[in-house]
Amino acid sequence: MSAALIVLAGLAGWEAIVRLGLVDDLILPAPTQVADSLWTDRGLLAPDLATTTWEVLLGLAAAIAAGALLGIAMHVSPRARDALRPLVIGSQAVPVPVIAPLVVLVLGFGLAPKVLLVALVCFFPVAINLYDGLRDTDADARKLLRSLDATRWQTLRMLELPSALPAAFTGMKIAAAVAVIGAVFGEWSGSDAGLGHSLLTANGQLATARAFAATVLLFLLAVALYGAFALLERRVVDWTPRSTPRSR
Amino acid sequence: MQTEVEAPGVEPRDVAGGVTVAAVGKAFGPVRALDGVSLRAAPREVVAVVGPSGCGKSTLLELVCGLAEPDAGAVEAAPAALMPQRDGLLPWLSALDNAALALRVAGVGKAAARAAAHAHFAAFGLEGFERSRPHELSGGMRQRVAFLRTLLAGRPVLCLDEPFGALDALTRAQMQRWLADALGREPRTVLLVTHDVEEAVLLADRIVLLSPRPGRVIATVDVPLERPRHRTDADVVALRERALTALGGEA
């Protein structure tokens, strides 16, 4: 409720600043102009939104698969942990804008480089949160399974993985929120479709309102993806007593 | 009183194992948890281990369950099932699946394990709560699910680590009576760790009193009383006082 008020107040102030001529609307279009562009340019923007959404979904799927494998491998095998951890952490130090053109150079202008860049941005929070979640298993429950002579695999399947699910979802929600970054940099480095591409061309044509409209769509895409994972989490992790959420 | 608790194929192969702990010592780094502790539980005997917090009671159970090796002395025990201090129920499993956990780990199929666990639900007062998650159960019910899981592990020895420590006084009294009944129906060798002397007198055949860290055996008290026992029985009160005095008289 109050969040909506803050946004409304911000938009009203922004609108006023542009309408009063305090800034050139070529540099900063008013919210109403952006909204107008969202509607009138929908024929241009919709296919771009579809393209970027597809890239992000594939990238996220790849990131979750890779992140899960890495997280589990690092948990199960100390050797794998020692070998992989520096690489996993180091991978996050690589600036995406720097590596994006190289990835496009190698993988071409198609879908593959975007999916890879999204996955590169997203696998880290999944892997690290899952790894921490797996290590964080209740000591008593661990003792119990050991006393039942559970195998390593049984302990993982019956105890550690379910117990790590909430942490894994935290990782996936973070990944969902940052996924579009990878897609946009991928599109900037070479593409003829997608919201990132749309941003570039709109900037080139001084169609600032359309550039803002594309940004709004990216924003909404990230929010929607995050929401989807939050919803999924509620359905899957249904064993924790929750204080009933009132208004959101 | 005949209670039907048959579950073919999953009952213990041999419920007549005993436990012998001989001059056992165990340290964790510089902290000595147990020092020269000896105790014996004959088959189907309930032995309570009583002592103040941090006297190595839980460590003793871990040794008996084979979760750790003693630094000194020897532990000779038939296969033992552990009921950890805070019930150890898995929050994502239903009451039925929690009770069936030991069977699942032992390789029993899902349907068969559930059927075997369910056969006990009525006798355990859990009927109607098969699908409830642990957080939806009362403290007493959680303990009963945990105890059923421990029982279904099919081991001759049960190691119960302060099974009622987290319960309110009323529920605890109910559960003590309930456990006495349950053991009457399904006698097992039991090591019952508790800091509640009265609980020990009510439930055990013998009480082993441990000193504060490092845990040493102060005294062993036989409880030759008929069952059922009541906390107000003169013999129970007398034994409780004797045990408390031996522990250092913090009555």
# chains A, B, ... in the order shown; residues from 1 in each chain; ligands from 1

$ residues_around --residues "stretch 210-225 of chain B" --least-positions-apart "3" --cutoff "7 Å" --atoms "only C-alpha atoms" --output "PDB file with N, CA and C atoms, in the first residue's frame"
ATOM      1  N   ARG B  32      36.374 -33.185  28.919  1.00  0.00           N
ATOM      2  CA  ARG B  32      36.107 -34.589  29.178  1.00  0.00           C
ATOM      3  C   ARG B  32      34.632 -34.775  29.470  1.00  0.00           C
ATOM      4  N   ALA B  33      33.944 -35.522  28.606  1.00  0.00           N
ATOM      5  CA  ALA B  33      32.506 -35.700  28.758  1.00  0.00           C
ATOM      6  C   ALA B  33      32.197 -36.858  29.702  1.00  0.00           C
ATOM      7  N   LEU B  34      32.884 -37.968  29.515  1.00  0.00           N
ATOM      8  CA  LEU B  34      32.630 -39.160  30.331  1.00  0.00           C
ATOM      9  C   LEU B  34      33.956 -39.673  30.864  1.00  0.00           C
ATOM     10  N   ASP B  35      33.904 -40.191  32.083  1.00  0.00           N
ATOM     11  CA  ASP B  35      35.133 -40.678  32.689  1.00  0.00           C
ATOM     12  C   ASP B  35      34.844 -41.969  33.466  1.00  0.00           C
ATOM     13  N   GLY B  36      35.264 -43.077  32.915  1.00  0.00           N
ATOM     14  CA  GLY B  36      35.125 -44.353  33.612  1.00  0.00           C
ATOM     15  C   GLY B  36      33.697 -44.756  33.927  1.00  0.00           C
ATOM     16  N   VAL B  37      32.821 -44.548  32.970  1.00  0.00           N
ATOM     17  CA  VAL B  37      31.414 -44.878  33.207  1.00  0.00           C
ATOM     18  C   VAL B  37      31.143 -46.338  32.848  1.00  0.00           C
ATOM     19  N   VAL B  50      20.568 -40.625  34.846  1.00  0.00           N
ATOM     20  CA  VAL B  50      20.156 -39.327  35.375  1.00  0.00           C
ATOM     21  C   VAL B  50      21.384 -38.527  35.763  1.00  0.00           C
ATOM     22  N   GLY B  51      21.356 -37.272  35.432  1.00  0.00           N
ATOM     23  CA  GLY B  51      22.459 -36.412  35.839  1.00  0.00           C
ATOM     24  C   GLY B  51      22.173 -34.990  35.422  1.00  0.00           C
ATOM     25  N   PRO B  52      22.958 -34.037  35.933  1.00  0.00           N
ATOM     26  CA  PRO B  52      22.747 -32.635  35.572  1.00  0.00           C
ATOM     27  C   PRO B  52      23.078 -32.396  34.104  1.00  0.00           C
ATOM     28  N   GLY B  54      24.872 -31.413  30.817  1.00  0.00           N
ATOM     29  CA  GLY B  54      26.278 -31.395  30.461  1.00  0.00           C
ATOM     30  C   GLY B  54      27.104 -32.444  31.171  1.00  0.00           C
ATOM     31  N   CYS B  55      26.474 -33.541  31.599  1.00  0.00           N
ATOM     32  CA  CYS B  55      27.274 -34.577  32.247  1.00  0.00           C
ATOM     33  C   CYS B  55      27.588 -35.704  31.268  1.00  0.00           C
ATOM     34  N   GLY B  56      27.349 -35.471  29.990  1.00  0.00           N
ATOM     35  CA  GLY B  56      27.736 -36.468  28.995  1.00  0.00           C
ATOM     36  C   GLY B  56      26.700 -37.542  28.760  1.00  0.00           C
ATOM     37  N   VAL B 201      12.387 -42.780  38.298  1.00  0.00           N
ATOM     38  CA  VAL B 201      11.804 -43.716  39.278  1.00  0.00           C
ATOM     39  C   VAL B 201      10.521 -44.330  38.731  1.00  0.00           C
ATOM     40  N   ALA B 204      11.904 -46.646  35.246  1.00  0.00           N
ATOM     41  CA  ALA B 204      13.074 -47.513  35.085  1.00  0.00           C
ATOM     42  C   ALA B 204      13.085 -48.693  36.052  1.00  0.00           C
ATOM     43  N   ASP B 205      13.827 -49.717  35.665  1.00  0.00           N
ATOM     44  CA  ASP B 205      14.129 -50.821  36.567  1.00  0.00           C
ATOM     45  C   ASP B 205      15.366 -50.495  37.394  1.00  0.00           C
ATOM     46  N   ARG B 206      16.208 -49.650  36.821  1.00  0.00           N
ATOM     47  CA  ARG B 206      17.445 -49.292  37.510  1.00  0.00           C
ATOM     48  C   ARG B 206      17.810 -47.870  37.106  1.00  0.00           C
ATOM     49  N   ILE B 207      18.399 -47.137  38.050  1.00  0.00           N
ATOM     50  CA  ILE B 207      18.775 -45.758  37.772  1.00  0.00           C
ATOM     51  C   ILE B 207      20.270 -45.603  37.968  1.00  0.00           C
TER      52      ILE B 207
END

$ select_by_dssp --residues "stretch 140-220 of chain A" --states "alpha helix (DSSP H)" --output "PyMOL selection string"
chain A and resi 140-147+152-154+161-188+195-204+208-220

$ write_last_selection --atoms "C-alpha atoms" --output "mmCIF file, in the first residue's frame"
data_model
loop_
_atom_site.group_PDB
_atom_site.id
_atom_site.type_symbol
_atom_site.label_atom_id
_atom_site.label_comp_id
_atom_site.auth_asym_id
_atom_site.auth_seq_id
_atom_site.Cartn_x
_atom_site.Cartn_y
_atom_site.Cartn_z
ATOM 1 C CA ASP A 140 19.877 -34.056 15.466
ATOM 2 C CA ALA A 141 18.225 -35.217 12.256
ATOM 3 C CA ARG A 142 21.655 -36.002 10.836
ATOM 4 C CA LYS A 143 22.486 -38.038 13.925
ATOM 5 C CA LEU A 144 19.167 -39.846 13.605
ATOM 6 C CA LEU A 145 19.795 -40.887 10.013
ATOM 7 C CA ARG A 146 23.299 -41.971 10.895
ATOM 8 C CA SER A 147 21.924 -44.137 13.709
ATOM 9 C CA ARG A 152 25.253 -41.095 1.829
ATOM 10 C CA TRP A 153 22.707 -41.045 -0.962
ATOM 11 C CA GLN A 154 19.790 -41.664 1.417
ATOM 12 C CA LEU A 161 17.937 -31.878 -0.081
ATOM 13 C CA PRO A 162 14.480 -31.267 1.413
ATOM 14 C CA SER A 163 16.079 -29.366 4.258
ATOM 15 C CA ALA A 164 18.011 -27.181 1.771
ATOM 16 C CA LEU A 165 14.984 -26.356 -0.378
ATOM 17 C CA PRO A 166 14.167 -23.028 1.303
ATOM 18 C CA ALA A 167 17.762 -21.879 0.840
ATOM 19 C CA ALA A 168 17.711 -23.096 -2.761
ATOM 20 C CA PHE A 169 14.603 -21.035 -3.386
ATOM 21 C CA THR A 170 16.319 -17.972 -1.958
ATOM 22 C CA GLY A 171 19.069 -18.545 -4.518
ATOM 23 C CA MET A 172 16.586 -19.005 -7.340
ATOM 24 C CA LYS A 173 14.697 -15.831 -6.409
ATOM 25 C CA ILE A 174 17.926 -13.830 -6.444
ATOM 26 C CA ALA A 175 18.802 -15.425 -9.778
ATOM 27 C CA ALA A 176 15.375 -14.561 -11.193
ATOM 28 C CA ALA A 177 15.801 -10.945 -10.166
ATOM 29 C CA VAL A 178 19.192 -10.478 -11.850
ATOM 30 C CA ALA A 179 18.663 -12.735 -14.867
ATOM 31 C CA VAL A 180 17.641 -9.957 -17.279
ATOM 32 C CA ILE A 181 21.033 -8.297 -16.814
ATOM 33 C CA GLY A 182 22.735 -11.183 -18.590
ATOM 34 C CA ALA A 183 20.213 -11.170 -21.418
ATOM 35 C CA VAL A 184 20.483 -7.421 -22.004
ATOM 36 C CA PHE A 185 24.283 -7.431 -22.163
ATOM 37 C CA GLY A 186 24.109 -10.387 -24.506
ATOM 38 C CA GLU A 187 21.737 -8.503 -26.776
ATOM 39 C CA TRP A 188 23.852 -5.353 -26.669
ATOM 40 C CA LEU A 195 14.532 -5.664 -25.202
ATOM 41 C CA GLY A 196 18.254 -4.941 -24.925
ATOM 42 C CA HIS A 197 18.436 -4.564 -28.684
ATOM 43 C CA SER A 198 15.310 -2.447 -28.565
ATOM 44 C CA LEU A 199 16.956 -0.198 -25.967
ATOM 45 C CA LEU A 200 19.993 0.338 -28.200
ATOM 46 C CA THR A 201 18.029 1.181 -31.330
ATOM 47 C CA ALA A 202 15.642 3.462 -29.448
ATOM 48 C CA ASN A 203 18.614 5.335 -27.985
ATOM 49 C CA GLY A 204 20.125 5.617 -31.434
ATOM 50 C CA THR A 208 13.838 8.055 -25.420
ATOM 51 C CA ALA A 209 10.270 7.257 -24.494
ATOM 52 C CA ARG A 210 10.589 3.854 -26.217
ATOM 53 C CA ALA A 211 13.904 3.201 -24.472
ATOM 54 C CA PHE A 212 12.208 3.888 -21.168
ATOM 55 C CA ALA A 213 9.297 1.698 -22.193
ATOM 56 C CA ALA A 214 11.725 -1.169 -22.861
ATOM 57 C CA THR A 215 13.305 -0.578 -19.460
ATOM 58 C CA VAL A 216 9.891 -0.702 -17.812
ATOM 59 C CA LEU A 217 9.280 -4.065 -19.478
ATOM 60 C CA LEU A 218 12.624 -5.385 -18.210
ATOM 61 C CA PHE A 219 11.682 -4.213 -14.749
ATOM 62 C CA LEU A 220 8.316 -5.937 -14.949
#

$ closest_atom_pairs --of "chain B" --to "chain A" --cutoff "9 Å" --atoms "only C-alpha atoms" --output "CSV"
residue,atom,partner,partner_atom,distance
B:Glu62,CA,A:Ser147,CA,8.6
B:Cys65,CA,A:Ser147,CA,6.3
B:Gly66,CA,A:Ser147,CA,7.3
B:Leu67,CA,A:Ser147,CA,6.5
B:Ala80,CA,A:Ser147,CA,7.8
B:Ala81,CA,A:Ser147,CA,6.5
B:Leu82,CA,A:Ser147,CA,6.4
B:Met83,CA,A:Leu144,CA,7.2
B:Pro84,CA,A:Asp140,CA,6.1
B:Gln85,CA,A:Asp140,CA,7.6
B:Arg86,CA,A:Asp140,CA,7.4
B:Asp87,CA,A:Asp140,CA,8.3
B:Gly88,CA,A:Ala141,CA,5.0
B:Leu89,CA,A:Ala141,CA,7.2
B:Leu90,CA,A:Ala141,CA,7.3
B:Pro91,CA,A:Trp239,CA,6.1
B:Trp92,CA,A:Trp239,CA,5.2
B:Leu93,CA,A:Trp239,CA,8.1
B:Leu101,CA,A:Met158,CA,8.9
B:Ala102,CA,A:Leu148,CA,6.4
B:Val105,CA,A:Ala150,CA,5.8
B:Ala106,CA,A:Leu148,CA,7.7
B:Arg133,CA,A:Trp239,CA,6.7
B:Pro134,CA,A:Trp239,CA,8.5
B:His135,CA,A:Pro241,CA,6.9
B:Glu136,CA,A:Pro241,CA,8.4
B:Ala153,CA,A:Leu148,CA,7.3

$ atom_distance --atom1 "atom CA of B:Ala146" --atom2 "atom CA of B:Ser94"
11.9 Å

$ residues_around --residues "B:Ala77" --least-positions-apart "3" --cutoff "9 Å" --atoms "only C-alpha atoms" --output "NGL selection string"
:B and (17-21 or 64-66 or 80 or 157)

$ atom_distance --atom1 "atom CA of A:Gly190" --atom2 "atom CA of A:Val34"
25.6 Å

$ residues_around --residues "stretch 73-79 of chain A" --least-positions-apart "5" --cutoff "8 Å" --atoms "only C-alpha atoms" --output "MDAnalysis selection string"
chainID A and resid 84:85 131 134:135

$ write_last_selection --atoms "N, CA and C atoms" --output "PDB file, in the first residue's frame"
ATOM      1  N   LEU A  84      36.351 -26.546  -7.040  1.00  0.00           N
ATOM      2  CA  LEU A  84      35.360 -25.709  -7.728  1.00  0.00           C
ATOM      3  C   LEU A  84      35.152 -24.348  -7.081  1.00  0.00           C
ATOM      4  N   ARG A  85      35.297 -24.288  -5.752  1.00  0.00           N
ATOM      5  CA  ARG A  85      34.892 -23.052  -5.086  1.00  0.00           C
ATOM      6  C   ARG A  85      35.599 -21.812  -5.622  1.00  0.00           C
ATOM      7  N   TYR A 131      24.346 -24.881  -1.550  1.00  0.00           N
ATOM      8  CA  TYR A 131      25.484 -25.449  -0.815  1.00  0.00           C
ATOM      9  C   TYR A 131      25.371 -25.122   0.670  1.00  0.00           C
ATOM     10  N   LEU A 134      22.533 -27.092   2.238  1.00  0.00           N
ATOM     11  CA  LEU A 134      22.850 -28.507   2.442  1.00  0.00           C
ATOM     12  C   LEU A 134      23.705 -28.704   3.688  1.00  0.00           C
ATOM     13  N   ARG A 135      24.609 -27.742   3.917  1.00  0.00           N
ATOM     14  CA  ARG A 135      25.486 -27.861   5.087  1.00  0.00           C
ATOM     15  C   ARG A 135      24.751 -27.563   6.378  1.00  0.00           C
TER      16      ARG A 135
END

$ atom_distance --atom1 "atom CA of A:Val118" --atom2 "atom CA of A:Leu87"
17.4 Å

$ closest_residue --among "B:Ala182, B:Leu170, B:Ala48, B:Ala23" --to "B:Val208" --atoms "only C-alpha atoms"
B:Ala48
